[in-house]
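File shown: input_29.pdb. Contents: PDB, C-alpha atoms, pLDDT in the B column.
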```pdb
ATOM      1  CA  GLU A   1      18.516   8.249  10.211  1.00 67.00           C
ATOM      2  CA  ALA A   2      16.015   5.725  11.522  1.00 83.00           C
ATOM      3  CA  GLY A   3      12.387   6.376  10.673  1.00 94.00           C
ATOM      4  CA  VAL A   4       9.287   6.262  12.839  1.00 97.00           C
ATOM      5  CA  VAL A   5       8.872   2.822  14.366  1.00 97.00           C
ATOM      6  CA  GLN A   6       5.495   1.314  15.189  1.00 98.00           C
ATOM      7  CA  SER A   7       4.417  -1.976  16.672  1.00 97.00           C
ATOM      8  CA  PRO A   8       2.662  -4.234  16.235  1.00 97.00           C
ATOM      9  CA  ARG A   9       2.177  -4.072  12.465  1.00 97.00           C
ATOM     10  CA  TYR A  10      -1.010  -6.084  12.593  1.00 97.00           C
ATOM     11  CA  LYS A  11      -3.490  -6.830  15.366  1.00 97.00           C
ATOM     12  CA  ILE A  12      -6.673  -8.887  15.301  1.00 98.00           C
ATOM     13  CA  ILE A  13      -8.913  -8.799  18.360  1.00 97.00           C
ATOM     14  CA  GLU A  14     -12.456  -9.572  19.403  1.00 97.00           C
ATOM     15  CA  LYS A  15     -14.780  -6.644  20.041  1.00 96.00           C
ATOM     16  CA  LYS A  16     -14.794  -5.362  23.615  1.00 97.00           C
ATOM     17  CA  GLN A  17     -11.161  -6.398  24.068  1.00 97.00           C
ATOM     18  CA  PRO A  18      -8.452  -3.817  24.813  1.00 97.00           C
ATOM     19  CA  VAL A  19      -5.596  -3.064  22.417  1.00 98.00           C
ATOM     20  CA  ALA A  20      -2.497  -0.887  22.532  1.00 98.00           C
ATOM     21  CA  PHE A  21      -0.218   0.512  19.854  1.00 98.00           C
ATOM     22  CA  TRP A  22       3.338   1.741  20.380  1.00 97.00           C
ATOM     23  CA  CYS A  23       5.301   4.408  18.510  1.00 98.00           C
ATOM     24  CA  ASN A  24       8.919   5.556  18.620  1.00 97.00           C
ATOM     25  CA  PRO A  25       9.409   8.822  16.688  1.00 96.00           C
ATOM     26  CA  ILE A  26      12.438  10.015  14.757  1.00 95.00           C
ATOM     27  CA  SER A  27      15.202  11.100  17.106  1.00 92.00           C
ATOM     28  CA  GLY A  28      15.054  14.836  17.778  1.00 89.00           C
ATOM     29  CA  HIS A  29      11.440  15.206  16.685  1.00 91.00           C
ATOM     30  CA  ASN A  30       9.584  16.815  19.553  1.00 89.00           C
ATOM     31  CA  THR A  31       6.123  16.652  17.987  1.00 91.00           C
ATOM     32  CA  LEU A  32       4.268  13.358  17.684  1.00 94.00           C
ATOM     33  CA  TYR A  33       0.916  12.628  16.030  1.00 95.00           C
ATOM     34  CA  TRP A  34      -1.495   9.727  16.014  1.00 97.00           C
ATOM     35  CA  TYR A  35      -3.700   9.391  12.944  1.00 97.00           C
ATOM     36  CA  LEU A  36      -6.460   7.038  11.924  1.00 97.00           C
ATOM     37  CA  GLN A  37      -6.737   6.005   8.273  1.00 97.00           C
ATOM     38  CA  ASN A  38      -9.764   4.214   6.888  1.00 96.00           C
ATOM     39  CA  LEU A  39      -9.633   2.394   3.572  1.00 93.00           C
ATOM     40  CA  GLY A  40      -9.694   4.827   0.663  1.00 92.00           C
ATOM     41  CA  GLN A  41      -9.360   7.866   2.904  1.00 95.00           C
ATOM     42  CA  GLY A  42      -6.588  10.209   3.920  1.00 95.00           C
ATOM     43  CA  PRO A  43      -5.214  10.149   7.472  1.00 96.00           C
ATOM     44  CA  GLU A  44      -7.276  11.923  10.145  1.00 94.00           C
ATOM     45  CA  LEU A  45      -5.628  13.353  13.236  1.00 93.00           C
ATOM     46  CA  LEU A  46      -6.509  11.819  16.605  1.00 95.00           C
ATOM     47  CA  ILE A  47      -4.042  13.498  18.927  1.00 94.00           C
ATOM     48  CA  ARG A  48      -0.925  15.643  18.797  1.00 92.00           C
ATOM     49  CA  TYR A  49       1.864  15.898  21.362  1.00 92.00           C
ATOM     50  CA  GLU A  50       4.481  18.576  21.763  1.00 89.00           C
ATOM     51  CA  ASN A  51       7.099  16.888  23.919  1.00 89.00           C
ATOM     52  CA  GLU A  52       5.073  15.122  26.632  1.00 89.00           C
ATOM     53  CA  GLU A  53       2.073  17.469  26.476  1.00 89.00           C
ATOM     54  CA  ALA A  54      -1.067  16.580  24.505  1.00 90.00           C
ATOM     55  CA  VAL A  55      -1.724  19.953  22.899  1.00 87.00           C
ATOM     56  CA  ASP A  56      -4.690  18.806  20.833  1.00 85.00           C
ATOM     57  CA  ASP A  57      -6.814  15.766  21.645  1.00 88.00           C
ATOM     58  CA  SER A  58     -10.096  17.264  20.463  1.00 85.00           C
ATOM     59  CA  GLN A  59     -10.635  14.519  17.894  1.00 88.00           C
ATOM     60  CA  LEU A  60      -9.789  11.628  20.193  1.00 92.00           C
ATOM     61  CA  PRO A  61     -12.887   9.646  21.314  1.00 91.00           C
ATOM     62  CA  LYS A  62     -12.093   9.887  24.984  1.00 90.00           C
ATOM     63  CA  ASP A  63     -14.712   7.422  26.151  1.00 94.00           C
ATOM     64  CA  ARG A  64     -12.633   4.546  24.806  1.00 96.00           C
ATOM     65  CA  PHE A  65      -9.347   5.959  23.496  1.00 96.00           C
ATOM     66  CA  SER A  66      -6.406   7.128  25.570  1.00 96.00           C
ATOM     67  CA  ALA A  67      -2.825   8.044  24.792  1.00 96.00           C
ATOM     68  CA  GLU A  68       0.333   8.873  26.627  1.00 95.00           C
ATOM     69  CA  ARG A  69       3.819  10.050  25.772  1.00 94.00           C
ATOM     70  CA  LEU A  70       6.129   9.447  28.679  1.00 83.00           C
ATOM     71  CA  LYS A  71       9.359  11.460  28.820  1.00 84.00           C
ATOM     72  CA  GLY A  72       8.446  13.111  25.528  1.00 83.00           C
ATOM     73  CA  VAL A  73       9.701  10.270  23.344  1.00 91.00           C
ATOM     74  CA  ASP A  74       7.766   7.022  22.868  1.00 95.00           C
ATOM     75  CA  SER A  75       3.991   7.058  22.804  1.00 97.00           C
ATOM     76  CA  THR A  76       1.225   4.539  23.343  1.00 97.00           C
ATOM     77  CA  LEU A  77      -2.316   4.705  22.004  1.00 98.00           C
ATOM     78  CA  LYS A  78      -4.904   2.502  23.707  1.00 97.00           C
ATOM     79  CA  ILE A  79      -8.452   1.484  22.879  1.00 97.00           C
ATOM     80  CA  GLN A  80     -10.622  -0.044  25.593  1.00 97.00           C
ATOM     81  CA  PRO A  81     -13.001  -1.562  24.739  1.00 96.00           C
ATOM     82  CA  ALA A  82     -12.596  -1.926  20.994  1.00 96.00           C
ATOM     83  CA  GLU A  83     -15.629  -1.760  18.711  1.00 96.00           C
ATOM     84  CA  LEU A  84     -16.140  -3.111  15.205  1.00 96.00           C
ATOM     85  CA  GLY A  85     -15.913   0.413  13.774  1.00 95.00           C
ATOM     86  CA  ASP A  86     -12.396   0.832  15.154  1.00 97.00           C
ATOM     87  CA  SER A  87     -11.009  -1.422  12.433  1.00 97.00           C
ATOM     88  CA  ALA A  88      -8.570   0.818  10.543  1.00 97.00           C
ATOM     89  CA  VAL A  89      -4.892   1.628  10.175  1.00 98.00           C
ATOM     90  CA  TYR A  90      -3.409   3.633  13.042  1.00 98.00           C
ATOM     91  CA  LEU A  91      -0.500   5.785  11.918  1.00 98.00           C
ATOM     92  CA  CYS A  92       2.084   7.538  14.027  1.00 97.00           C
ATOM     93  CA  ALA A  93       3.994  10.523  12.645  1.00 96.00           C
ATOM     94  CA  SER A  94       6.581  12.917  13.981  1.00 94.00           C
ATOM     95  CA  SER A  95       7.939  16.322  13.052  1.00 91.00           C
ATOM     96  CA  ARG A  96      10.623  18.671  14.234  1.00 87.00           C
ATOM     97  CA  GLY A  97       8.445  21.773  14.181  1.00 68.00           C
ATOM     98  CA  THR A  98       6.063  23.270  16.708  1.00 64.00           C
ATOM     99  CA  SER A  99       2.850  25.240  16.366  1.00 59.00           C
ATOM    100  CA  GLY A 100       2.953  27.962  13.769  1.00 58.00           C
ATOM    101  CA  ARG A 101       5.837  26.473  11.830  1.00 67.00           C
ATOM    102  CA  ILE A 102       5.840  24.329   8.725  1.00 73.00           C
ATOM    103  CA  GLN A 103       4.991  20.766   9.616  1.00 69.00           C
ATOM    104  CA  GLU A 104       6.794  18.246   7.457  1.00 86.00           C
ATOM    105  CA  GLN A 105       5.548  15.105   9.085  1.00 91.00           C
ATOM    106  CA  PHE A 106       7.174  11.713   8.700  1.00 94.00           C
ATOM    107  CA  PHE A 107       5.020   8.646   9.113  1.00 96.00           C
ATOM    108  CA  GLY A 108       5.582   5.174  10.464  1.00 97.00           C
ATOM    109  CA  PRO A 109       4.340   2.024   8.713  1.00 97.00           C
ATOM    110  CA  GLY A 110       1.121   1.926  10.731  1.00 97.00           C
ATOM    111  CA  THR A 111      -0.725  -0.734  12.705  1.00 98.00           C
ATOM    112  CA  ARG A 112      -3.587  -2.430  10.905  1.00 97.00           C
ATOM    113  CA  LEU A 113      -6.297  -3.230  13.469  1.00 98.00           C
ATOM    114  CA  THR A 114      -9.061  -5.693  12.736  1.00 97.00           C
ATOM    115  CA  VAL A 115     -11.876  -5.982  15.275  1.00 97.00           C
ATOM    116  CA  LEU A 116     -14.008  -9.121  14.921  1.00 97.00           C
TER     117      LEU A 116
ATOM    118  CA  GLU B   1     -13.026  24.687   7.262  1.00 81.00           C
ATOM    119  CA  ASP B   2      -9.996  23.548   5.297  1.00 86.00           C
ATOM    120  CA  GLN B   3     -10.799  21.204   2.410  1.00 91.00           C
ATOM    121  CA  VAL B   4      -8.686  19.174   0.011  1.00 96.00           C
ATOM    122  CA  THR B   5     -10.090  17.434  -3.064  1.00 97.00           C
ATOM    123  CA  GLN B   6      -7.951  15.154  -5.200  1.00 98.00           C
ATOM    124  CA  SER B   7      -8.732  13.991  -8.726  1.00 97.00           C
ATOM    125  CA  PRO B   8      -8.971  11.588 -10.328  1.00 97.00           C
ATOM    126  CA  GLU B   9      -9.622   8.981  -7.631  1.00 97.00           C
ATOM    127  CA  ALA B  10      -7.776   6.393  -9.714  1.00 98.00           C
ATOM    128  CA  LEU B  11      -5.566   6.602 -12.790  1.00 98.00           C
ATOM    129  CA  ARG B  12      -4.177   3.861 -14.988  1.00 98.00           C
ATOM    130  CA  LEU B  13      -1.257   4.703 -17.230  1.00 97.00           C
ATOM    131  CA  GLN B  14       0.857   2.744 -19.633  1.00 97.00           C
ATOM    132  CA  GLU B  15       4.541   2.801 -18.834  1.00 97.00           C
ATOM    133  CA  GLY B  16       5.986   5.972 -20.362  1.00 97.00           C
ATOM    134  CA  GLU B  17       2.595   7.724 -20.603  1.00 97.00           C
ATOM    135  CA  SER B  18       2.941  11.078 -18.810  1.00 98.00           C
ATOM    136  CA  SER B  19       0.035  12.588 -16.875  1.00 98.00           C
ATOM    137  CA  SER B  20      -0.913  14.859 -13.969  1.00 98.00           C
ATOM    138  CA  LEU B  21      -2.714  14.458 -10.667  1.00 98.00           C
ATOM    139  CA  ASN B  22      -4.755  17.332  -9.274  1.00 98.00           C
ATOM    140  CA  CYS B  23      -5.159  18.637  -5.724  1.00 98.00           C
ATOM    141  CA  SER B  24      -7.674  21.447  -5.210  1.00 98.00           C
ATOM    142  CA  TYR B  25      -7.703  23.122  -1.837  1.00 96.00           C
ATOM    143  CA  THR B  26      -9.645  25.639   0.221  1.00 93.00           C
ATOM    144  CA  VAL B  27      -7.788  27.068   3.186  1.00 89.00           C
ATOM    145  CA  SER B  28      -7.797  30.351   5.079  1.00 85.00           C
ATOM    146  CA  GLY B  29      -4.230  31.186   4.201  1.00 86.00           C
ATOM    147  CA  LEU B  30      -1.746  28.532   3.138  1.00 89.00           C
ATOM    148  CA  ARG B  31       1.369  27.803   5.152  1.00 88.00           C
ATOM    149  CA  GLY B  32       2.323  24.783   3.106  1.00 92.00           C
ATOM    150  CA  LEU B  33       1.054  22.115   0.727  1.00 95.00           C
ATOM    151  CA  PHE B  34       2.477  18.620   0.990  1.00 96.00           C
ATOM    152  CA  TRP B  35       2.613  15.638  -1.336  1.00 97.00           C
ATOM    153  CA  TYR B  36       3.017  12.137   0.013  1.00 97.00           C
ATOM    154  CA  ARG B  37       3.283   8.749  -1.634  1.00 98.00           C
ATOM    155  CA  GLN B  38       1.698   5.728   0.052  1.00 97.00           C
ATOM    156  CA  ASP B  39       2.374   2.142  -0.952  1.00 97.00           C
ATOM    157  CA  PRO B  40      -0.033  -0.623   0.099  1.00 94.00           C
ATOM    158  CA  GLY B  41       0.487  -1.626   3.713  1.00 92.00           C
ATOM    159  CA  LYS B  42       2.863   1.257   4.402  1.00 95.00           C
ATOM    160  CA  GLY B  43       2.676   4.722   5.880  1.00 96.00           C
ATOM    161  CA  PRO B  44       2.747   7.870   3.734  1.00 97.00           C
ATOM    162  CA  GLU B  45       6.205   8.778   2.465  1.00 96.00           C
ATOM    163  CA  PHE B  46       7.029  12.489   2.277  1.00 95.00           C
ATOM    164  CA  LEU B  47       7.724  13.812  -1.230  1.00 96.00           C
ATOM    165  CA  PHE B  48       7.461  17.610  -1.414  1.00 93.00           C
ATOM    166  CA  THR B  49       6.518  20.785   0.425  1.00 94.00           C
ATOM    167  CA  LEU B  50       5.322  23.792  -1.582  1.00 95.00           C
ATOM    168  CA  TYR B  51       5.021  27.140   0.135  1.00 91.00           C
ATOM    169  CA  SER B  52       3.741  29.721  -2.338  1.00 92.00           C
ATOM    170  CA  ALA B  53       2.014  30.064  -5.702  1.00 94.00           C
ATOM    171  CA  GLY B  54       4.373  29.639  -8.610  1.00 96.00           C
ATOM    172  CA  GLU B  55       6.710  27.319  -6.751  1.00 96.00           C
ATOM    173  CA  GLU B  56       7.842  24.068  -8.387  1.00 97.00           C
ATOM    174  CA  LYS B  57       9.784  21.097  -7.045  1.00 97.00           C
ATOM    175  CA  GLU B  58      11.133  18.019  -8.813  1.00 97.00           C
ATOM    176  CA  LYS B  59      12.234  14.573  -7.777  1.00 94.00           C
ATOM    177  CA  GLU B  60      13.136  12.013 -10.419  1.00 95.00           C
ATOM    178  CA  ARG B  61      10.034  11.620 -12.620  1.00 97.00           C
ATOM    179  CA  LEU B  62       7.828  13.749 -10.361  1.00 98.00           C
ATOM    180  CA  LYS B  63       7.266  17.483 -10.515  1.00 98.00           C
ATOM    181  CA  ALA B  64       4.928  19.356  -8.172  1.00 98.00           C
ATOM    182  CA  THR B  65       3.525  22.791  -8.921  1.00 98.00           C
ATOM    183  CA  LEU B  66       1.363  25.177  -6.918  1.00 97.00           C
ATOM    184  CA  THR B  67      -1.198  27.870  -7.723  1.00 95.00           C
ATOM    185  CA  LYS B  68      -3.437  29.806  -5.347  1.00 92.00           C
ATOM    186  CA  LYS B  69      -6.198  27.199  -5.633  1.00 94.00           C
ATOM    187  CA  GLU B  70      -4.584  23.923  -6.640  1.00 97.00           C
ATOM    188  CA  SER B  71      -1.473  21.856  -6.991  1.00 98.00           C
ATOM    189  CA  PHE B  72      -0.474  19.425  -9.688  1.00 98.00           C
ATOM    190  CA  LEU B  73       1.774  16.416  -9.473  1.00 98.00           C
ATOM    191  CA  HIS B  74       3.166  15.786 -12.942  1.00 98.00           C
ATOM    192  CA  ILE B  75       4.526  12.332 -13.667  1.00 98.00           C
ATOM    193  CA  THR B  76       6.833  12.135 -16.660  1.00 98.00           C
ATOM    194  CA  ALA B  77       7.411   8.796 -18.378  1.00 97.00           C
ATOM    195  CA  PRO B  78       6.184   6.770 -15.395  1.00 97.00           C
ATOM    196  CA  LYS B  79       7.465   3.321 -14.540  1.00 97.00           C
ATOM    197  CA  PRO B  80       5.600   0.467 -12.821  1.00 97.00           C
ATOM    198  CA  GLU B  81       7.422   1.265  -9.575  1.00 97.00           C
ATOM    199  CA  ASP B  82       5.641   4.643  -9.519  1.00 97.00           C
ATOM    200  CA  SER B  83       2.387   2.787  -8.825  1.00 98.00           C
ATOM    201  CA  ALA B  84       1.069   3.983  -5.450  1.00 98.00           C
ATOM    202  CA  THR B  85      -1.523   6.251  -3.873  1.00 98.00           C
ATOM    203  CA  TYR B  86      -0.503   9.898  -3.901  1.00 98.00           C
ATOM    204  CA  LEU B  87      -1.823  12.032  -1.061  1.00 98.00           C
ATOM    205  CA  CYS B  88      -2.040  15.818  -0.900  1.00 97.00           C
ATOM    206  CA  ALA B  89      -2.304  17.737   2.376  1.00 95.00           C
ATOM    207  CA  VAL B  90      -2.470  21.397   3.389  1.00 93.00           C
ATOM    208  CA  GLN B  91      -1.419  23.257   6.499  1.00 89.00           C
ATOM    209  CA  ALA B  92      -3.173  26.554   7.165  1.00 84.00           C
ATOM    210  CA  SER B  93      -1.273  29.627   8.262  1.00 80.00           C
ATOM    211  CA  GLY B  94      -1.719  31.182  11.682  1.00 69.00           C
ATOM    212  CA  ALA B  95       0.241  31.328  14.906  1.00 60.00           C
ATOM    213  CA  GLY B  96      -1.318  28.208  16.389  1.00 59.00           C
ATOM    214  CA  SER B  97      -1.859  26.267  13.184  1.00 67.00           C
ATOM    215  CA  TYR B  98      -0.222  22.898  12.817  1.00 74.00           C
ATOM    216  CA  GLN B  99      -2.852  20.439  11.590  1.00 80.00           C
ATOM    217  CA  LEU B 100      -2.586  18.827   8.176  1.00 87.00           C
ATOM    218  CA  THR B 101      -5.805  18.284   6.226  1.00 91.00           C
ATOM    219  CA  PHE B 102      -5.451  15.409   3.782  1.00 95.00           C
ATOM    220  CA  GLY B 103      -7.291  14.572   0.596  1.00 97.00           C
ATOM    221  CA  LYS B 104      -8.466  11.047  -0.146  1.00 97.00           C
ATOM    222  CA  GLY B 105      -5.644  10.420  -2.573  1.00 97.00           C
ATOM    223  CA  THR B 106      -5.221   9.347  -6.179  1.00 98.00           C
ATOM    224  CA  LYS B 107      -4.407   5.688  -6.781  1.00 98.00           C
ATOM    225  CA  LEU B 108      -1.955   5.471  -9.657  1.00 98.00           C
ATOM    226  CA  SER B 109      -1.366   2.233 -11.527  1.00 98.00           C
ATOM    227  CA  VAL B 110       1.388   2.093 -14.154  1.00 98.00           C
ATOM    228  CA  ILE B 111       1.071  -0.864 -16.483  1.00 97.00           C
ATOM    229  CA  PRO B 112       4.209  -2.320 -18.126  1.00 95.00           C
TER     230      PRO B 112
END
```
Could you rewrite the structure in this file as structure tokens?
Amino acid sequence: EAGVVQSPRYKIIEKKQPVAFWCNPISGHNTLYWYLQNLGQGPELLIRYENEEAVDDSQLPKDRFSAERLKGVDSTLKIQPAELGDSAVYLCASSRGTSGRIQEQFFGPGTRLTVL
Amino acid sequence: EDQVTQSPEALRLQEGESSSLNCSYTVSGLRGLFWYRQDPGKGPEFLFTLYSAGEEKEKERLKATLTKKESFLHITAPKPEDSATYLCAVQASGAGSYQLTFGKGTKLSVIP
């Protein structure tokens, strides 16, 4: 079974530039998550999708971050414009469960973003 | 608010020297506690799910246990390839609950 796929793996941009990250979840997993992980910290949830619906985006900074999950499969996370403090690893995860059920989440390799 | 505290922050072991990592948690009802392993430059890799106090799970040299307030990850006779950061996360119970709250992790180094 193929795992969660993310691209690019690394991205270096100048501040104020836009950037986008792509995620393909494990086949059959209807729930998709985007996390942010700073150095020395655990992942922090940004947004969660059940199928194509964003059921929780309360922790997504909506002034500059946006996300979409077309057709309930692949997802894209965008930052526009990027700021220095956005430098971090952006992780995508997926799970088979829905709200109220156990959530064994499987993570992709992440995209390491550096904003100069 | 759900909280997860992992200790120690870093641990250096000689190859073959067994030890334990600790995960203390505060949650309003536990649906599940998860252990992940994360290698540098990679995403967290799922290891175990524990559901209730008294439960234990094993995988090779790793054994996870759960009480009502904490979980331990026991590493028996570790090898250098066990070097990684180990993350603990909890999911609260409740009809609409889904979010995982992660600790900061314990960075394990196993020296040959």
query: Between B:Thr67, B:Ser24, B:Thr76, B:Gln38, which is the closest to chain A once you count only C-alpha atoms?
result: B:Gln38
task: Find the residues around A:Arg64 up to 7 Å (all atoms listed in the file counted), leave out those fewer than 4 positions away in its own chain, and share them as a list in words.
output: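 Result of the neighbour search: Ile79, Gln80 and Pro81 of chain A.
With only C-alpha atoms as the atoms that count, the minimum distance from B:Gly43 to the choices A:Phe107, A:Phe21, A:Tyr90, A:Tyr35 is reached by A:Phe107.
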- prompt: Which is closest to B:Phe34 among A:Glu104, A:Asp56, A:Leu32, A:Lys71, if we use only C-alpha atoms?
  reply: A:Glu104
query: So what do you get for atom CA of A:Asp74 versus atom CA of A:Val4, distance-wise?
result: 10.2 Å
message: Please find the residues of chain A near chain B - the criterion being any atom within 10 Å, counting all atoms listed in the file - and write them as a ChimeraX atom specification.
response: /A:4,9,33,37-45,48,56,89-93,97-112
Interatomic distance (Å, one decimal) between atom CA of A:Glu50 and atom CA of A:Asn30: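 Distance between the two atoms: 5.8 Å.
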